[in-house]
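Structure data (mmCIF, C-alpha atoms) from start-v5.cif:
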```
data_upload
#
loop_
_atom_site.label_atom_id
_atom_site.label_comp_id
_atom_site.auth_asym_id
_atom_site.auth_seq_id
_atom_site.Cartn_x
_atom_site.Cartn_y
_atom_site.Cartn_z
CA MET A 4 111.47 96.99 100.75
CA SER A 5 107.72 97.26 101.22
CA VAL A 6 105.20 96.95 98.41
CA GLU A 7 104.13 100.57 98.89
CA TYR A 8 107.74 101.81 98.81
CA ASN A 9 108.33 100.03 95.51
CA LYS A 10 105.17 101.48 93.98
CA ALA A 11 106.14 104.95 95.20
CA LEU A 12 109.58 104.58 93.61
CA MET A 13 107.99 103.74 90.26
CA ARG A 14 105.64 106.70 90.56
CA ARG A 15 108.56 109.04 91.27
CA MET A 16 110.39 107.76 88.21
CA ILE A 17 107.37 108.39 86.00
CA ASP A 18 106.15 111.66 87.50
CA GLU A 19 109.42 113.42 88.32
CA VAL A 20 111.95 112.05 85.81
CA TRP A 21 109.79 111.42 82.74
CA ASN A 22 106.83 113.80 83.08
CA GLN A 23 108.53 116.74 84.80
CA GLY A 24 112.00 116.27 83.30
CA ASN A 25 113.84 116.35 86.66
CA LEU A 26 116.53 113.98 85.37
CA GLU A 27 118.74 114.28 88.47
CA VAL A 28 116.06 112.45 90.49
CA ALA A 29 117.21 109.28 88.70
CA ASP A 30 120.39 109.41 90.84
CA GLU A 31 118.19 108.86 93.91
CA LEU A 32 116.22 106.00 92.37
CA PHE A 33 118.76 103.92 90.45
CA ALA A 34 121.83 102.13 91.78
CA PRO A 35 125.23 102.94 90.22
CA ASN A 36 125.43 99.36 88.91
CA HIS A 37 121.90 99.39 87.45
CA THR A 38 121.52 97.51 84.16
CA SER A 39 118.70 97.07 81.67
CA PRO A 40 118.97 93.71 79.85
CA SER A 41 116.24 94.76 77.40
CA ALA A 42 118.48 97.63 76.25
CA PRO A 43 122.10 96.45 76.71
CA MET A 44 123.45 99.30 74.59
CA LEU A 45 122.54 101.84 77.26
CA PRO A 46 125.08 102.96 79.87
CA PRO A 47 124.89 101.47 83.39
CA GLY A 48 123.48 103.24 86.39
CA PRO A 49 120.98 106.12 86.33
CA GLU A 50 122.55 107.53 83.14
CA SER A 51 120.46 105.19 80.99
CA VAL A 52 117.21 106.63 82.36
CA LYS A 53 118.50 110.19 82.06
CA MET A 54 119.51 109.55 78.44
CA LEU A 55 116.15 108.08 77.41
CA ALA A 56 113.96 110.56 79.28
CA GLY A 57 116.07 113.46 78.04
CA MET A 58 115.88 112.26 74.44
CA PHE A 59 112.10 111.83 74.44
CA ARG A 60 111.44 115.10 76.23
CA ALA A 61 113.71 117.01 73.83
CA ALA A 62 111.99 115.44 70.81
CA MET A 63 108.48 115.76 72.28
CA PRO A 64 108.12 118.91 74.41
CA ASP A 65 104.59 117.86 75.46
CA TYR A 66 105.63 114.28 76.31
CA GLN A 67 103.61 112.61 79.09
CA MET A 68 103.50 109.10 80.56
CA HIS A 69 100.34 107.91 82.29
CA ILE A 70 100.37 105.01 84.75
CA ASP A 71 97.63 102.55 83.83
CA PHE A 72 98.33 100.20 86.75
CA LEU A 73 101.08 99.04 89.12
CA VAL A 74 101.65 95.62 90.69
CA ALA A 75 104.40 95.06 93.28
CA ASP A 76 105.90 92.65 95.79
CA GLU A 77 108.85 92.97 98.19
CA ASP A 78 111.55 93.40 95.54
CA LYS A 79 109.79 94.12 92.23
CA VAL A 80 107.25 96.49 90.75
CA VAL A 81 105.56 96.09 87.37
CA GLY A 82 103.66 98.84 85.62
CA ARG A 83 101.76 99.39 82.41
CA PHE A 84 101.96 102.87 80.94
CA THR A 85 100.42 104.89 78.13
CA GLN A 86 102.74 107.48 76.62
CA SER A 87 102.02 110.31 74.22
CA GLY A 88 103.79 113.23 72.65
CA THR A 89 104.06 115.47 69.61
CA HIS A 90 107.30 115.14 67.66
CA SER A 91 107.93 118.86 67.30
CA GLY A 92 111.36 119.16 68.94
CA GLY A 93 114.62 117.42 68.05
CA ASP A 94 115.40 114.17 66.24
CA LEU A 95 114.07 110.95 67.77
CA MET A 96 115.95 107.74 67.03
CA GLY A 97 117.01 109.11 63.67
CA MET A 98 113.57 110.47 62.78
CA LYS A 99 113.26 114.13 61.90
CA PRO A 100 110.43 116.03 63.63
CA THR A 101 107.17 116.06 61.68
CA GLY A 102 104.79 117.66 64.18
CA ARG A 103 102.81 114.40 64.36
CA LYS A 104 101.45 113.08 67.64
CA ALA A 105 101.80 109.48 68.79
CA THR A 106 100.29 107.43 71.61
CA TRP A 107 101.82 104.09 72.57
CA THR A 108 102.03 101.66 75.50
CA GLU A 109 104.82 100.14 77.58
CA ILE A 110 105.26 97.55 80.32
CA GLY A 111 108.14 98.13 82.74
CA THR A 112 109.56 95.92 85.50
CA LEU A 113 111.96 97.19 88.18
CA LEU A 114 114.02 94.97 90.50
CA ILE A 115 114.73 96.86 93.73
CA LYS A 116 117.42 96.16 96.31
CA ASP A 117 118.37 98.34 99.27
CA GLY A 118 115.90 100.98 98.14
CA LYS A 119 117.20 101.46 94.59
CA VAL A 120 116.60 99.93 91.18
CA VAL A 121 119.32 97.46 90.22
CA THR A 122 117.73 95.95 87.10
CA SER A 123 114.97 97.09 84.78
CA TRP A 124 113.15 95.51 81.85
CA TYR A 125 110.93 97.34 79.35
CA GLU A 126 108.58 96.12 76.64
CA VAL A 127 107.65 99.09 74.45
CA ASP A 128 105.21 99.13 71.53
CA MET A 129 107.75 100.93 69.36
CA MET A 130 106.00 99.84 66.17
CA ALA A 131 102.86 101.78 67.12
CA MET A 132 104.89 104.87 67.96
CA ILE A 133 107.02 104.77 64.79
CA GLN A 134 104.02 104.09 62.56
CA GLN A 135 102.15 107.10 63.93
CA LEU A 136 105.17 109.39 63.65
CA THR A 137 106.03 108.34 60.10
CA THR A 138 102.51 108.01 58.63
CA ALA A 139 100.81 111.13 57.30
CA SER A 140 97.53 112.00 59.00
CA PRO A 141 94.32 112.55 56.99
CA LYS A 142 94.62 116.31 57.63
CA GLU A 143 98.19 116.34 56.31
CA ILE A 144 97.18 114.41 53.21
CA ILE A 145 94.24 116.72 52.50
CA ASP A 146 96.42 119.80 52.95
CA ASP A 147 99.01 118.37 50.55
CA TYR A 148 96.30 117.34 48.07
CA TYR A 149 95.29 120.98 47.52
CA LYS A 150 98.78 122.41 47.94
CA TYR A 151 100.26 120.23 45.19
CA ALA A 152 97.26 120.75 42.89
CA ASN A 153 97.45 124.52 43.19
CA ALA A 154 101.21 124.47 42.60
CA GLY A 155 100.82 122.28 39.52
CA LYS A 156 102.92 119.53 41.12
CA TRP A 157 100.79 116.71 39.75
CA ASP A 158 103.41 114.00 40.15
CA LYS A 159 103.69 114.73 43.88
CA TRP A 160 99.88 114.96 43.97
CA CYS A 161 99.70 111.43 42.59
CA ASP A 162 102.14 110.24 45.28
CA LEU A 163 99.38 110.87 47.84
CA PHE A 164 97.37 107.93 46.43
CA ALA A 165 97.76 104.23 47.19
CA ASP A 166 98.92 101.98 44.36
CA ASN A 167 95.50 100.27 44.25
CA MET A 168 93.53 103.52 44.57
CA VAL A 169 90.03 103.93 43.21
CA MET A 170 88.62 107.27 42.09
CA ASP A 171 85.12 108.16 40.92
CA GLU A 172 85.64 111.47 39.12
CA GLN A 173 82.66 113.28 37.64
CA LEU A 174 84.45 114.18 34.41
CA ALA A 175 86.95 111.33 34.00
CA GLY A 176 84.77 108.50 35.32
CA ASN A 177 86.04 105.51 37.30
CA ILE A 178 89.82 105.28 37.62
CA VAL A 179 91.40 102.21 39.20
CA GLY A 180 95.09 102.04 40.05
CA LEU A 181 97.81 104.63 40.39
CA ASP A 182 99.35 103.40 37.14
CA LYS A 183 96.20 104.72 35.38
CA LEU A 184 95.94 107.95 37.35
CA ARG A 185 99.53 109.13 36.96
CA PRO A 186 99.64 109.38 33.13
CA MET A 187 96.21 111.06 33.12
CA MET A 188 97.42 113.79 35.48
CA ALA A 189 100.71 114.31 33.62
CA GLY A 190 98.87 116.45 31.06
CA MET A 191 97.13 118.74 33.54
CA GLY A 192 99.74 121.46 33.14
CA GLN A 193 99.01 121.70 29.42
CA ALA A 194 95.25 121.28 29.74
CA TYR A 195 94.77 124.28 32.03
CA LYS A 196 96.28 127.73 31.71
CA LYS A 197 95.17 128.33 35.28
CA PHE A 198 93.96 125.95 37.97
CA GLN A 199 93.23 126.77 41.61
CA ASN A 200 91.21 124.60 43.98
CA VAL A 201 90.73 126.32 47.34
CA PRO A 202 89.20 124.41 50.31
CA LYS A 203 86.32 126.15 52.09
CA ASN A 204 85.19 123.49 54.58
CA ILE A 205 87.04 120.37 55.76
CA ILE A 206 85.51 117.54 57.80
CA ILE A 207 87.62 114.58 59.01
CA ASN A 208 86.21 111.57 60.83
CA GLY A 209 88.70 108.77 61.48
CA ASN A 210 89.93 107.46 58.13
CA GLU A 211 87.38 109.46 56.13
CA GLY A 212 87.28 113.07 55.02
CA ALA A 213 85.09 115.44 53.04
CA VAL A 214 86.09 118.80 51.58
CA VAL A 215 83.98 121.52 49.99
CA SER A 216 86.16 123.70 47.77
CA HIS A 217 85.99 126.25 44.96
CA ILE A 218 87.75 125.82 41.63
CA SER A 219 88.85 128.80 39.55
CA ALA A 220 90.39 127.72 36.25
CA LEU A 221 91.02 128.52 32.61
CA ALA A 222 91.19 125.84 29.92
CA ALA A 223 94.35 126.29 27.86
CA LYS A 224 92.46 126.57 24.56
CA HIS A 225 89.61 128.65 25.97
CA PRO A 226 91.41 131.19 28.20
CA ASN A 227 88.66 133.79 27.85
CA THR A 228 85.96 131.63 29.45
CA PRO A 229 86.58 131.38 33.20
CA ILE A 230 85.68 128.19 35.01
CA GLU A 231 84.18 128.81 38.47
CA ALA A 232 82.74 125.79 40.25
CA GLU A 233 81.85 124.52 43.71
CA VAL A 234 83.26 121.07 44.36
CA MET A 235 82.89 118.37 47.01
CA ASN A 236 85.49 115.63 47.44
CA TYR A 237 85.09 112.54 49.59
CA PHE A 238 88.28 110.76 50.75
CA ARG A 239 89.00 107.42 52.41
CA PHE A 240 92.50 106.89 53.77
CA GLU A 241 94.49 103.74 54.43
CA ASN A 242 98.06 103.60 55.81
CA GLY A 243 98.74 107.25 55.13
CA LYS A 244 97.48 107.22 51.52
CA ILE A 245 94.27 108.03 49.68
CA ALA A 246 92.64 104.67 48.96
CA TYR A 247 89.37 106.01 47.52
CA MET A 248 88.19 109.41 46.35
CA ALA A 249 84.91 110.62 44.84
CA ASN A 250 84.44 114.00 43.20
CA PHE A 251 81.13 115.89 42.76
CA HIS A 252 80.54 119.26 41.12
CA ASP A 253 78.39 121.19 38.69
CA SER A 254 79.66 120.06 35.29
CA LYS A 255 78.31 123.08 33.37
CA PRO A 256 81.23 125.43 34.25
CA PHE A 257 83.63 122.82 32.86
CA LYS A 258 82.16 122.98 29.33
CA PRO A 259 85.24 124.86 27.99
CA PHE A 260 87.45 122.07 29.28
CA LEU A 261 85.17 119.39 27.87
CA ASP A 262 85.10 121.19 24.51
CA GLN A 263 88.87 121.23 24.59
CA LEU A 264 88.97 117.48 25.16
CA ALA A 265 86.56 117.04 22.25
CA GLY A 266 88.82 119.12 20.00
CA LYS A 267 86.43 122.05 19.76
#
```

What is this file in structure tokens?
Amino acid sequence: MSVEYNKALMRRMIDEVWNQGNLEVADELFAPNHTSPSAPMLPPGPESVKMLAGMFRAAMPDYQMHIDFLVADEDKVVGRFTQSGTHSGGDLMGMKPTGRKATWTEIGTLLIKDGKVVTSWYEVDMMAMIQQLTTASPKEIIDDYYKYANAGKWDKWCDLFADNMVMDEQLAGNIVGLDKLRPMMAGMGQAYKKFQNVPKNIIINGNEGAVVSHISALAAKHPNTPIEAEVMNYFRFENGKIAYMANFHDSKPFKPFLDQLAGK
């Protein structure tokens, strides 16, 4: 077959089967005896392509594959692709949908005889895809940070931090290590009769975030003196966890809490 025919076949596979979801087109492109040595567990013939494309499109309704480049000769075509999708549909390789988006790359090689693909090889950056789908984004972490705090779920709140976390907290000072943070937060339920920290503005830039919020609280031993304070938190994230956090606020509204700590 000609070089242009082979490139056109690859484009049809990407555009019609994968991007548009016209799975039956695979019957026109793949020979009945087609095999994929890089995925020997898949069925022979066009069914393997239908199975994979159907699975990804069901798991990622917005799935798209972009052709970065194609190189071909008389019986082979090689392409590099960039794929992306939001895991908001069904399960994907045992992973439950999280609503997270992933972008990953792939290199595919097709061997073509008599106008159809007889053998295909794929090298997929599955690690990049899985890592993105299973790692919480900064926005997710920030949302959970305030959700767990306002629900009084301080143990789950602590789970958002890395083991070697560092925190500069205006009242508590410098805290290093999750093993130090967790026992400190265990007493929050008894220290406050009420505690609500509501975000007002959120800014995220890469692995950093800043949140301006408002705290409304009551110290357990001073329930008649409301605590109302504007707060700013700075976050730095690593591998889906909070690695560093700094906390800034007007300390005057927290005098009832500080008196409580001092035994007053």

Practice task
Using the chain letters and numbers from the file, give me the residues hit by the PyMOL selection byres ((chain A and resi 83) around 6), as a ChimeraX atom specification.
Solution key: /A:71-72,82,84,109-110

So that I can check the surroundings of Gly192 (chain A), please list as an mmCIF file with C-alpha atoms, in the frame of the given file every protein, DNA and RNA residue that reaches within 12 Å of it, counting only C-alpha atoms and ignoring chain neighbours fewer than 4 positions away.
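New file result16.cif:
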```cif
data_model
loop_
_atom_site.group_PDB
_atom_site.id
_atom_site.type_symbol
_atom_site.label_atom_id
_atom_site.label_comp_id
_atom_site.auth_asym_id
_atom_site.auth_seq_id
_atom_site.Cartn_x
_atom_site.Cartn_y
_atom_site.Cartn_z
ATOM 1 C CA ALA A 152 97.260 120.750 42.890
ATOM 2 C CA ASN A 153 97.450 124.520 43.190
ATOM 3 C CA ALA A 154 101.210 124.470 42.600
ATOM 4 C CA GLY A 155 100.820 122.280 39.520
ATOM 5 C CA LYS A 156 102.920 119.530 41.120
ATOM 6 C CA TRP A 157 100.790 116.710 39.750
ATOM 7 C CA ASP A 158 103.410 114.000 40.150
ATOM 8 C CA MET A 187 96.210 111.060 33.120
ATOM 9 C CA MET A 188 97.420 113.790 35.480
ATOM 10 C CA LYS A 196 96.280 127.730 31.710
ATOM 11 C CA LYS A 197 95.170 128.330 35.280
ATOM 12 C CA PHE A 198 93.960 125.950 37.970
ATOM 13 C CA GLN A 199 93.230 126.770 41.610
ATOM 14 C CA ALA A 220 90.390 127.720 36.250
ATOM 15 C CA LEU A 221 91.020 128.520 32.610
ATOM 16 C CA ALA A 222 91.190 125.840 29.920
ATOM 17 C CA ALA A 223 94.350 126.290 27.860
#
```

Practice task
With a distance cut-off of 9 Å and all atoms listed in the file, select the neighbouring residues of Lys10 (chain A), excluding the residue or stretch itself and same-chain residues fewer than 5 positions from it, and output the selection as a VMD selection string.
Solution key: chain A and resid 5 15 73 to 75 79 to 82

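If you apply the PyMOL selection byres ((chain A and resi 89) around 6) to this structure, you end up with Met63, Gly88, His90, Ser91, Gly102, Arg103 and Lys104 of chain A.
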
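Distances from A:Lys224, A:Phe33, A:Phe238, A:Asn200 to Leu114 (chain A) were compared using all atoms listed in the file, and the smallest one belongs to A:Phe33.
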
Problem - Selected residue, from A:Gly190, A:Val52, A:Ser87, A:Gly93, that lies nearest to Ala131 (chain A) when counting all atoms listed in the file - result: A:Ser87

Exercise for the section: For region 141-147 of chain A, list every protein, DNA or RNA residue within 10 Å, evaluated using only C-alpha atoms, and leave out those in the same chain fewer than 2 positions away; present the list as a PyMOL selection string. Expected result: chain A and resi 103+138-139+149-153+159-160+163-164+202+205-214+238-245

What would the file look like if the residues just selected were written as a PDB file, keeping the file's coordinate frame with C-alpha atoms?
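Written out: part_6.pdb:
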```pdb
ATOM      1  CA  ARG A 103     102.810 114.400  64.360  1.00  0.00           C
ATOM      2  CA  THR A 138     102.510 108.010  58.630  1.00  0.00           C
ATOM      3  CA  ALA A 139     100.810 111.130  57.300  1.00  0.00           C
ATOM      4  CA  TYR A 149      95.290 120.980  47.520  1.00  0.00           C
ATOM      5  CA  LYS A 150      98.780 122.410  47.940  1.00  0.00           C
ATOM      6  CA  TYR A 151     100.260 120.230  45.190  1.00  0.00           C
ATOM      7  CA  ALA A 152      97.260 120.750  42.890  1.00  0.00           C
ATOM      8  CA  ASN A 153      97.450 124.520  43.190  1.00  0.00           C
ATOM      9  CA  LYS A 159     103.690 114.730  43.880  1.00  0.00           C
ATOM     10  CA  TRP A 160      99.880 114.960  43.970  1.00  0.00           C
ATOM     11  CA  LEU A 163      99.380 110.870  47.840  1.00  0.00           C
ATOM     12  CA  PHE A 164      97.370 107.930  46.430  1.00  0.00           C
ATOM     13  CA  PRO A 202      89.200 124.410  50.310  1.00  0.00           C
ATOM     14  CA  ILE A 205      87.040 120.370  55.760  1.00  0.00           C
ATOM     15  CA  ILE A 206      85.510 117.540  57.800  1.00  0.00           C
ATOM     16  CA  ILE A 207      87.620 114.580  59.010  1.00  0.00           C
ATOM     17  CA  ASN A 208      86.210 111.570  60.830  1.00  0.00           C
ATOM     18  CA  GLY A 209      88.700 108.770  61.480  1.00  0.00           C
ATOM     19  CA  ASN A 210      89.930 107.460  58.130  1.00  0.00           C
ATOM     20  CA  GLU A 211      87.380 109.460  56.130  1.00  0.00           C
ATOM     21  CA  GLY A 212      87.280 113.070  55.020  1.00  0.00           C
ATOM     22  CA  ALA A 213      85.090 115.440  53.040  1.00  0.00           C
ATOM     23  CA  VAL A 214      86.090 118.800  51.580  1.00  0.00           C
ATOM     24  CA  PHE A 238      88.280 110.760  50.750  1.00  0.00           C
ATOM     25  CA  ARG A 239      89.000 107.420  52.410  1.00  0.00           C
ATOM     26  CA  PHE A 240      92.500 106.890  53.770  1.00  0.00           C
ATOM     27  CA  GLU A 241      94.490 103.740  54.430  1.00  0.00           C
ATOM     28  CA  ASN A 242      98.060 103.600  55.810  1.00  0.00           C
ATOM     29  CA  GLY A 243      98.740 107.250  55.130  1.00  0.00           C
ATOM     30  CA  LYS A 244      97.480 107.220  51.520  1.00  0.00           C
ATOM     31  CA  ILE A 245      94.270 108.030  49.680  1.00  0.00           C
TER      32      ILE A 245
END
```

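Remark: for Met58 (chain A), the closest of the candidate residues A:Pro35, A:Met96, A:Pro46, A:Asn227 is A:Met96 (distances computed over all atoms listed in the file).
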
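Using all atoms listed in the file, the smallest distance between any of A:Trp21, A:Phe257, A:Ser140, A:Thr112 and Tyr125 (chain A) comes from A:Thr112.
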
Practice task
Would you write out, as a PyMOL selection string, every residue that the PyMOL selection byres ((chain A and resi 183) around 12) captures in this file?
Solution key: chain A and resi 161+164-170+175+177-182+184-189

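Proximity to Asn9 (chain A) was assessed for A:Pro226, A:Pro43, A:Gly176, A:Gly118 counting all atoms listed in the file; the smallest distance is recorded for A:Gly118.
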
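Relative to CA of Asp162 (chain A), CA of Asp253 (chain A) is found at 27.0 Å.
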
Handout entry: Minimum-distance residue to Asp171 (chain A), chosen among A:Ala249, A:Met235, A:Met44, A:Met16 (using all atoms listed in the file)
Key = A:Ala249

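For the atom pair formed by CA of Ala105 (chain A) and CA of Leu136 (chain A), the distance is 6.1 Å, given to one decimal.
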